[in-house]
file input_12.pdb (PDB, C-alpha atoms, pLDDT in the B column)
MODEL        1
ATOM      1  CA  ILE P   1       0.000   0.000   0.000  1.00 80.00           C
ATOM      2  CA  LEU P   2       2.876   2.350   0.759  1.00 82.00           C
ATOM      3  CA  ALA P   3       4.258   1.715  -2.713  1.00 84.00           C
ATOM      4  CA  SER P   4       0.913   2.570  -4.291  1.00 86.00           C
ATOM      5  CA  ILE P   5       0.615   5.806  -2.351  1.00 88.00           C
ATOM      6  CA  SER P   6       4.162   6.805  -3.169  1.00 88.00           C
ATOM      7  CA  PHE P   7       3.559   5.928  -6.849  1.00 87.00           C
ATOM      8  CA  VAL P   8       0.426   8.115  -6.913  1.00 88.00           C
ATOM      9  CA  LEU P   9       2.173  10.993  -5.105  1.00 89.00           C
ATOM     10  CA  GLY P  10       5.180  10.674  -7.411  1.00 88.00           C
ATOM     11  CA  SER P  11       2.943  10.717 -10.494  1.00 88.00           C
ATOM     12  CA  VAL P  12       1.029  13.744  -9.269  1.00 89.00           C
ATOM     13  CA  SER P  13       4.174  15.658  -8.317  1.00 89.00           C
ATOM     14  CA  LEU P  14       5.888  14.692 -11.586  1.00 84.00           C
ATOM     15  CA  GLY P  15       2.852  15.896 -13.574  1.00 84.00           C
ATOM     16  CA  ALA P  16       2.737  19.132 -11.585  1.00 86.00           C
ATOM     17  CA  ALA P  17       6.477  19.664 -12.135  1.00 84.00           C
ATOM     18  CA  VAL P  18       6.106  19.159 -15.898  1.00 79.00           C
ATOM     19  CA  LEU P  19       3.148  21.568 -16.056  1.00 79.00           C
ATOM     20  CA  TRP P  20       4.983  24.085 -13.908  1.00 80.00           C
ATOM     21  CA  SER P  21       8.139  23.872 -16.029  1.00 78.00           C
ATOM     22  CA  ASP P  22       6.189  24.136 -19.290  1.00 76.00           C
ATOM     23  CA  GLY P  23       4.167  27.026 -17.890  1.00 77.00           C
ATOM     24  CA  CYS P  24       7.315  28.906 -16.878  1.00 76.00           C
ATOM     25  CA  HIS P  25       8.897  28.243 -20.275  1.00 75.00           C
ATOM     26  CA  LEU P  26       5.734  29.445 -22.010  1.00 73.00           C
ATOM     27  CA  VAL P  27       5.704  32.625 -19.905  1.00 74.00           C
ATOM     28  CA  ASP P  28       9.374  33.225 -20.832  1.00 73.00           C
ATOM     29  CA  ILE P  29       8.534  32.863 -24.522  1.00 71.00           C
ATOM     30  CA  ILE P  30       5.479  35.092 -24.293  1.00 67.00           C
ATOM     31  CA  THR P  31       7.171  37.878 -22.333  1.00 68.00           C
ATOM     32  CA  SER P  32      10.218  38.022 -24.608  1.00 71.00           C
ATOM     33  CA  ASP P  33       8.081  38.752 -27.691  1.00 75.00           C
ATOM     34  CA  PHE P  34       4.293  38.895 -27.853  1.00 72.00           C
ATOM     35  CA  GLU P  35       4.132  38.830 -31.669  1.00 76.00           C
ATOM     36  CA  PRO P  36       3.574  35.076 -32.148  1.00 71.00           C
ATOM     37  CA  ILE P  37       0.733  35.188 -29.636  1.00 72.00           C
ATOM     38  CA  ILE P  38      -1.247  38.361 -30.453  1.00 79.00           C
ATOM     39  CA  GLY P  39      -0.039  39.617 -33.850  1.00 78.00           C
ATOM     40  CA  SER P  40       2.416  42.269 -34.964  1.00 78.00           C
ATOM     41  CA  LYS P  41       0.418  45.492 -34.336  1.00 80.00           C
ATOM     42  CA  ALA P  42      -0.791  44.581 -30.866  1.00 81.00           C
ATOM     43  CA  ALA P  43       2.580  43.008 -30.054  1.00 80.00           C
ATOM     44  CA  MET P  44       4.276  46.344 -30.691  1.00 79.00           C
ATOM     45  CA  VAL P  45       2.201  47.911 -27.921  1.00 82.00           C
ATOM     46  CA  ALA P  46       2.442  44.919 -25.574  1.00 82.00           C
ATOM     47  CA  ASN P  47       6.208  44.632 -26.011  1.00 80.00           C
ATOM     48  CA  ALA P  48       6.671  48.354 -25.400  1.00 83.00           C
ATOM     49  CA  ILE P  49       4.569  48.234 -22.247  1.00 80.00           C
ATOM     50  CA  TRP P  50       6.254  45.067 -20.997  1.00 79.00           C
ATOM     51  CA  ASN P  51       9.749  46.477 -21.638  1.00 78.00           C
ATOM     52  CA  ASP P  52       8.833  49.870 -20.119  1.00 79.00           C
ATOM     53  CA  THR P  53       9.369  51.680 -23.437  1.00 80.00           C
ATOM     54  CA  ASN P  54       7.607  54.909 -24.289  1.00 84.00           C
ATOM     55  CA  LEU P  55       4.796  54.276 -26.801  1.00 81.00           C
ATOM     56  CA  ALA P  56       5.852  57.299 -28.869  1.00 81.00           C
ATOM     57  CA  VAL P  57       9.246  55.645 -29.325  1.00 81.00           C
ATOM     58  CA  ALA P  58       7.634  52.273 -30.096  1.00 79.00           C
ATOM     59  CA  PHE P  59       5.444  53.805 -32.821  1.00 81.00           C
ATOM     60  CA  ASN P  60       8.285  56.067 -34.073  1.00 80.00           C
ATOM     61  CA  MET P  61       6.269  59.222 -33.408  1.00 78.00           C
ATOM     62  CA  THR P  62       8.698  61.200 -31.260  1.00 78.00           C
ATOM     63  CA  ASP P  63       9.171  63.900 -33.920  1.00 78.00           C
ATOM     64  CA  GLN P  64       5.413  64.400 -34.348  1.00 77.00           C
ATOM     65  CA  LEU P  65       4.832  64.605 -30.614  1.00 76.00           C
ATOM     66  CA  ASP P  66       7.842  66.756 -29.737  1.00 77.00           C
ATOM     67  CA  TRP P  67       5.897  70.016 -29.711  1.00 80.00           C
ATOM     68  CA  GLN P  68       7.130  71.280 -26.349  1.00 82.00           C
ATOM     69  CA  SER P  69      10.711  71.960 -27.456  1.00 82.00           C
ATOM     70  CA  LYS P  70       9.487  73.666 -30.638  1.00 82.00           C
ATOM     71  CA  PHE P  71       7.078  75.744 -28.554  1.00 86.00           C
ATOM     72  CA  GLU P  72       9.847  76.770 -26.167  1.00 86.00           C
ATOM     73  CA  GLU P  73      12.111  77.710 -29.093  1.00 85.00           C
ATOM     74  CA  GLY P  74       9.336  79.924 -30.443  1.00 83.00           C
ATOM     75  CA  LEU P  75       8.883  81.565 -27.058  1.00 86.00           C
ATOM     76  CA  ALA P  76      12.625  82.233 -26.875  1.00 85.00           C
ATOM     77  CA  VAL P  77      12.457  84.033 -30.237  1.00 83.00           C
ATOM     78  CA  ILE P  78       9.438  86.066 -29.136  1.00 83.00           C
ATOM     79  CA  ASP P  79      11.172  86.946 -25.884  1.00 82.00           C
ATOM     80  CA  ASP P  80      13.922  88.755 -27.820  1.00 81.00           C
ATOM     81  CA  VAL P  81      11.457  90.894 -29.841  1.00 83.00           C
ATOM     82  CA  ASN P  82      11.000  94.529 -28.839  1.00 86.00           C
ATOM     83  CA  VAL P  83       7.427  95.222 -29.914  1.00 86.00           C
ATOM     84  CA  THR P  84       7.627  98.933 -29.087  1.00 88.00           C
ATOM     85  CA  ASP P  85      10.567  99.527 -31.445  1.00 88.00           C
ATOM     86  CA  ILE P  86       8.998  97.492 -34.250  1.00 88.00           C
ATOM     87  CA  PHE P  87       5.661  99.313 -33.871  1.00 88.00           C
ATOM     88  CA  ALA P  88       7.400 102.679 -33.878  1.00 88.00           C
ATOM     89  CA  SER P  89       9.467 101.931 -36.978  1.00 88.00           C
ATOM     90  CA  GLN P  90       6.900 100.061 -39.056  1.00 89.00           C
ATOM     91  CA  VAL P  91       3.640 101.771 -38.047  1.00 89.00           C
ATOM     92  CA  LEU P  92       4.247 105.133 -36.440  1.00 89.00           C
ATOM     93  CA  SER P  93       7.006 106.255 -38.797  1.00 89.00           C
ATOM     94  CA  PRO P  94       4.897 105.850 -41.971  1.00 89.00           C
ATOM     95  CA  LEU P  95       1.967 107.545 -40.235  1.00 89.00           C
ATOM     96  CA  ASP P  96       4.227 110.464 -39.283  1.00 90.00           C
ATOM     97  CA  ARG P  97       5.329 110.812 -42.933  1.00 88.00           C
ATOM     98  CA  ILE P  98       1.684 110.857 -44.057  1.00 87.00           C
ATOM     99  CA  GLN P  99       0.880 113.489 -41.435  1.00 84.00           C
ATOM    100  CA  GLU P 100       3.821 115.633 -42.606  1.00 84.00           C
ATOM    101  CA  GLY P 101       2.518 115.399 -46.169  1.00 81.00           C
ATOM    102  CA  ILE P 102      -0.942 116.449 -45.042  1.00 77.00           C
ATOM    103  CA  ASN P 103       0.487 119.350 -43.015  1.00 77.00           C
ATOM    104  CA  MET P 104       2.331 120.601 -46.123  1.00 77.00           C
ATOM    105  CA  ILE P 105      -0.935 121.118 -47.987  1.00 73.00           C
ATOM    106  CA  THR P 106      -2.007 124.744 -47.496  1.00 66.00           C
ATOM    107  CA  ALA P 107      -5.444 126.263 -47.794  1.00 66.00           C
ATOM    108  CA  THR P 108      -4.493 127.964 -51.065  1.00 68.00           C
ATOM    109  CA  GLY P 109      -3.283 124.641 -52.431  1.00 69.00           C
ATOM    110  CA  LEU P 110      -6.619 123.056 -51.572  1.00 70.00           C
ATOM    111  CA  GLY P 111      -8.392 125.984 -53.204  1.00 72.00           C
ATOM    112  CA  LEU P 112      -6.478 125.408 -56.427  1.00 72.00           C
ATOM    113  CA  ILE P 113      -7.391 121.728 -56.370  1.00 72.00           C
ATOM    114  CA  ASN P 114     -11.054 122.611 -55.839  1.00 70.00           C
ATOM    115  CA  GLN P 115     -10.980 125.086 -58.709  1.00 71.00           C
ATOM    116  CA  GLY P 116      -9.286 122.571 -60.973  1.00 68.00           C
ATOM    117  CA  THR P 117     -11.888 119.920 -60.310  1.00 70.00           C
ATOM    118  CA  THR P 118     -14.873 122.211 -60.874  1.00 69.00           C
ATOM    119  CA  ILE P 119     -13.894 123.339 -64.382  1.00 65.00           C
ATOM    120  CA  ASN P 120     -16.670 122.524 -66.789  1.00 65.00           C
ATOM    121  CA  ASN P 121     -14.862 121.907 -70.039  1.00 63.00           C
ATOM    122  CA  GLU P 122     -16.606 120.531 -73.131  1.00 65.00           C
ATOM    123  CA  VAL P 123     -13.496 118.600 -74.143  1.00 63.00           C
ATOM    124  CA  CYS P 124     -13.179 116.957 -70.745  1.00 59.00           C
ATOM    125  CA  PRO P 125     -16.615 116.576 -69.156  1.00 56.00           C
ATOM    126  CA  PHE P 126     -15.217 115.128 -65.952  1.00 54.00           C
TER     127      PHE P 126
ENDMDL
END
call {"tool": "encode", "arguments": {"input": "input_12.pdb", "output": "structure tokens"}}
result
Amino acid sequence: ILASISFVLGSVSLGAAVLWSDGCHLVDIITSDFEPIIGSKAAMVANAIWNDTNLAVAFNMTDQLDWQSKFEEGLAVIDDVNVTDIFASQVLSPLDRIQEGINMITATGLGLINQGTTINNEVCPF
């Protein structure tokens, strides 16, 4: 009877050891590369997550998602701009030249223009 019990216990423990060993080997295979199990697209995500890799790196999208450095570069350029000087040179200066031109027109000059535009000539009806 002791031999029968030990044979049954040995068979059960041997079966459990084989299952345990195969299970561990299967887990090693699965965790090294998920592609044979779940396909290439899903395996890319699963492998990246399992290996603690950034998904942007896994999908090769780091350039498309790297907006923060480009934004900071743009802010650095804007930080060096003197808006007051640019406004004065590109807006106020032309307006000052226009105002000087208007100030040069005298009342007699305007009178001559008015007289010239009110001539009723048959050759030029305008």
call {"tool": "atom_distance", "arguments": {"input": "input_12.pdb", "atom1": "CA of Ile29 in chain P", "atom2": "CA of Ser11 in chain P"}}
result
26.8 Å
call {"tool": "atom_distance", "arguments": {"input": "input_12.pdb", "atom1": "CA of Ile5 in chain P", "atom2": "CA of Asp22 in chain P"}}
result
25.6 Å
call {"tool": "atom_distance", "arguments": {"input": "input_12.pdb", "atom1": "CA of Ser32 in chain P", "atom2": "CA of Thr62 in chain P"}}
result
24.2 Å
call {"tool": "resolve_selection", "arguments": {"input": "input_12.pdb", "expression": "the PyMOL selection byres ((chain P and resi 47) around 8)", "output": "list in words"}}
result
Thr31, Ser32, Asp33, Phe34, Ala43, Met44, Val45, Ala46, Ala48, Ile49, Trp50 and Asn51 of chain P
call {"tool": "decode", "arguments": {"input": "input_12.pdb", "residues": "range 66-94 of chain P", "atoms": "N, CA and C atoms", "output": "PDB file, in the first residue's frame"}}
result
ATOM      1  N   ASP P  66       6.876  65.922 -30.441  1.00  0.00           N
ATOM      2  CA  ASP P  66       7.842  66.756 -29.737  1.00  0.00           C
ATOM      3  C   ASP P  66       7.505  68.227 -29.956  1.00  0.00           C
ATOM      4  N   TRP P  67       6.345  68.645 -29.504  1.00  0.00           N
ATOM      5  CA  TRP P  67       5.897  70.016 -29.711  1.00  0.00           C
ATOM      6  C   TRP P  67       6.401  70.949 -28.619  1.00  0.00           C
ATOM      7  N   GLN P  68       6.739  70.416 -27.457  1.00  0.00           N
ATOM      8  CA  GLN P  68       7.130  71.280 -26.349  1.00  0.00           C
ATOM      9  C   GLN P  68       8.445  71.995 -26.638  1.00  0.00           C
ATOM     10  N   SER P  69       9.434  71.300 -27.175  1.00  0.00           N
ATOM     11  CA  SER P  69      10.711  71.960 -27.456  1.00  0.00           C
ATOM     12  C   SER P  69      10.547  73.002 -28.563  1.00  0.00           C
ATOM     13  N   LYS P  70       9.730  72.698 -29.573  1.00  0.00           N
ATOM     14  CA  LYS P  70       9.487  73.666 -30.638  1.00  0.00           C
ATOM     15  C   LYS P  70       8.745  74.892 -30.091  1.00  0.00           C
ATOM     16  N   PHE P  71       7.818  74.651 -29.184  1.00  0.00           N
ATOM     17  CA  PHE P  71       7.078  75.744 -28.554  1.00  0.00           C
ATOM     18  C   PHE P  71       8.014  76.624 -27.737  1.00  0.00           C
ATOM     19  N   GLU P  72       8.905  76.004 -26.984  1.00  0.00           N
ATOM     20  CA  GLU P  72       9.847  76.770 -26.167  1.00  0.00           C
ATOM     21  C   GLU P  72      10.835  77.549 -27.034  1.00  0.00           C
ATOM     22  N   GLU P  73      11.244  76.976 -28.174  1.00  0.00           N
ATOM     23  CA  GLU P  73      12.111  77.710 -29.093  1.00  0.00           C
ATOM     24  C   GLU P  73      11.392  78.945 -29.640  1.00  0.00           C
ATOM     25  N   GLY P  74      10.117  78.791 -29.968  1.00  0.00           N
ATOM     26  CA  GLY P  74       9.336  79.924 -30.443  1.00  0.00           C
ATOM     27  C   GLY P  74       9.187  81.003 -29.389  1.00  0.00           C
ATOM     28  N   LEU P  75       8.985  80.586 -28.143  1.00  0.00           N
ATOM     29  CA  LEU P  75       8.883  81.565 -27.058  1.00  0.00           C
ATOM     30  C   LEU P  75      10.199  82.294 -26.849  1.00  0.00           C
ATOM     31  N   ALA P  76      11.323  81.587 -27.025  1.00  0.00           N
ATOM     32  CA  ALA P  76      12.625  82.233 -26.875  1.00  0.00           C
ATOM     33  C   ALA P  76      12.816  83.302 -27.943  1.00  0.00           C
ATOM     34  N   VAL P  77      12.349  83.038 -29.162  1.00  0.00           N
ATOM     35  CA  VAL P  77      12.457  84.033 -30.237  1.00  0.00           C
ATOM     36  C   VAL P  77      11.566  85.234 -29.925  1.00  0.00           C
ATOM     37  N   ILE P  78      10.360  84.979 -29.466  1.00  0.00           N
ATOM     38  CA  ILE P  78       9.438  86.066 -29.136  1.00  0.00           C
ATOM     39  C   ILE P  78       9.959  86.894 -27.973  1.00  0.00           C
ATOM     40  N   ASP P  79      10.656  86.251 -27.055  1.00  0.00           N
ATOM     41  CA  ASP P  79      11.172  86.946 -25.884  1.00  0.00           C
ATOM     42  C   ASP P  79      12.196  88.011 -26.277  1.00  0.00           C
ATOM     43  N   ASP P  80      12.903  87.803 -27.380  1.00  0.00           N
ATOM     44  CA  ASP P  80      13.922  88.755 -27.820  1.00  0.00           C
ATOM     45  C   ASP P  80      13.350  89.903 -28.652  1.00  0.00           C
ATOM     46  N   VAL P  81      12.071  89.875 -28.979  1.00  0.00           N
ATOM     47  CA  VAL P  81      11.457  90.894 -29.841  1.00  0.00           C
ATOM     48  C   VAL P  81      11.046  92.098 -29.003  1.00  0.00           C
ATOM     49  N   ASN P  82      11.412  93.295 -29.490  1.00  0.00           N
ATOM     50  CA  ASN P  82      11.000  94.529 -28.839  1.00  0.00           C
ATOM     51  C   ASN P  82       9.832  95.095 -29.650  1.00  0.00           C
ATOM     52  N   VAL P  83       8.631  94.844 -29.184  1.00  0.00           N
ATOM     53  CA  VAL P  83       7.427  95.222 -29.914  1.00  0.00           C
ATOM     54  C   VAL P  83       7.311  96.735 -30.044  1.00  0.00           C
ATOM     55  N   THR P  84       7.731  97.470 -29.052  1.00  0.00           N
ATOM     56  CA  THR P  84       7.627  98.933 -29.087  1.00  0.00           C
ATOM     57  C   THR P  84       8.466  99.513 -30.224  1.00  0.00           C
ATOM     58  N   ASP P  85       9.706  99.023 -30.370  1.00  0.00           N
ATOM     59  CA  ASP P  85      10.567  99.527 -31.445  1.00  0.00           C
ATOM     60  C   ASP P  85      10.009  99.155 -32.820  1.00  0.00           C
ATOM     61  N   ILE P  86       9.543  97.926 -32.963  1.00  0.00           N
ATOM     62  CA  ILE P  86       8.998  97.492 -34.250  1.00  0.00           C
ATOM     63  C   ILE P  86       7.744  98.290 -34.593  1.00  0.00           C
ATOM     64  N   PHE P  87       6.874  98.531 -33.622  1.00  0.00           N
ATOM     65  CA  PHE P  87       5.661  99.313 -33.871  1.00  0.00           C
ATOM     66  C   PHE P  87       6.021 100.738 -34.262  1.00  0.00           C
ATOM     67  N   ALA P  88       7.002 101.306 -33.576  1.00  0.00           N
ATOM     68  CA  ALA P  88       7.400 102.679 -33.878  1.00  0.00           C
ATOM     69  C   ALA P  88       7.990 102.792 -35.276  1.00  0.00           C
ATOM     70  N   SER P  89       8.804 101.815 -35.674  1.00  0.00           N
ATOM     71  CA  SER P  89       9.467 101.931 -36.978  1.00  0.00           C
ATOM     72  C   SER P  89       8.561 101.528 -38.137  1.00  0.00           C
ATOM     73  N   GLN P  90       7.688 100.571 -37.936  1.00  0.00           N
ATOM     74  CA  GLN P  90       6.900 100.061 -39.056  1.00  0.00           C
ATOM     75  C   GLN P  90       5.481 100.627 -39.113  1.00  0.00           C
ATOM     76  N   VAL P  91       5.000 101.230 -38.037  1.00  0.00           N
ATOM     77  CA  VAL P  91       3.640 101.771 -38.047  1.00  0.00           C
ATOM     78  C   VAL P  91       3.649 103.288 -37.830  1.00  0.00           C
ATOM     79  N   LEU P  92       4.292 103.705 -36.761  1.00  0.00           N
ATOM     80  CA  LEU P  92       4.247 105.133 -36.440  1.00  0.00           C
ATOM     81  C   LEU P  92       5.050 105.980 -37.417  1.00  0.00           C
ATOM     82  N   SER P  93       6.179 105.486 -37.866  1.00  0.00           N
ATOM     83  CA  SER P  93       7.006 106.255 -38.797  1.00  0.00           C
ATOM     84  C   SER P  93       6.279 106.532 -40.116  1.00  0.00           C
ATOM     85  N   PRO P  94       5.667 105.527 -40.754  1.00  0.00           N
ATOM     86  CA  PRO P  94       4.897 105.850 -41.971  1.00  0.00           C
ATOM     87  C   PRO P  94       3.726 106.789 -41.704  1.00  0.00           C
TER      88      PRO P  94
END
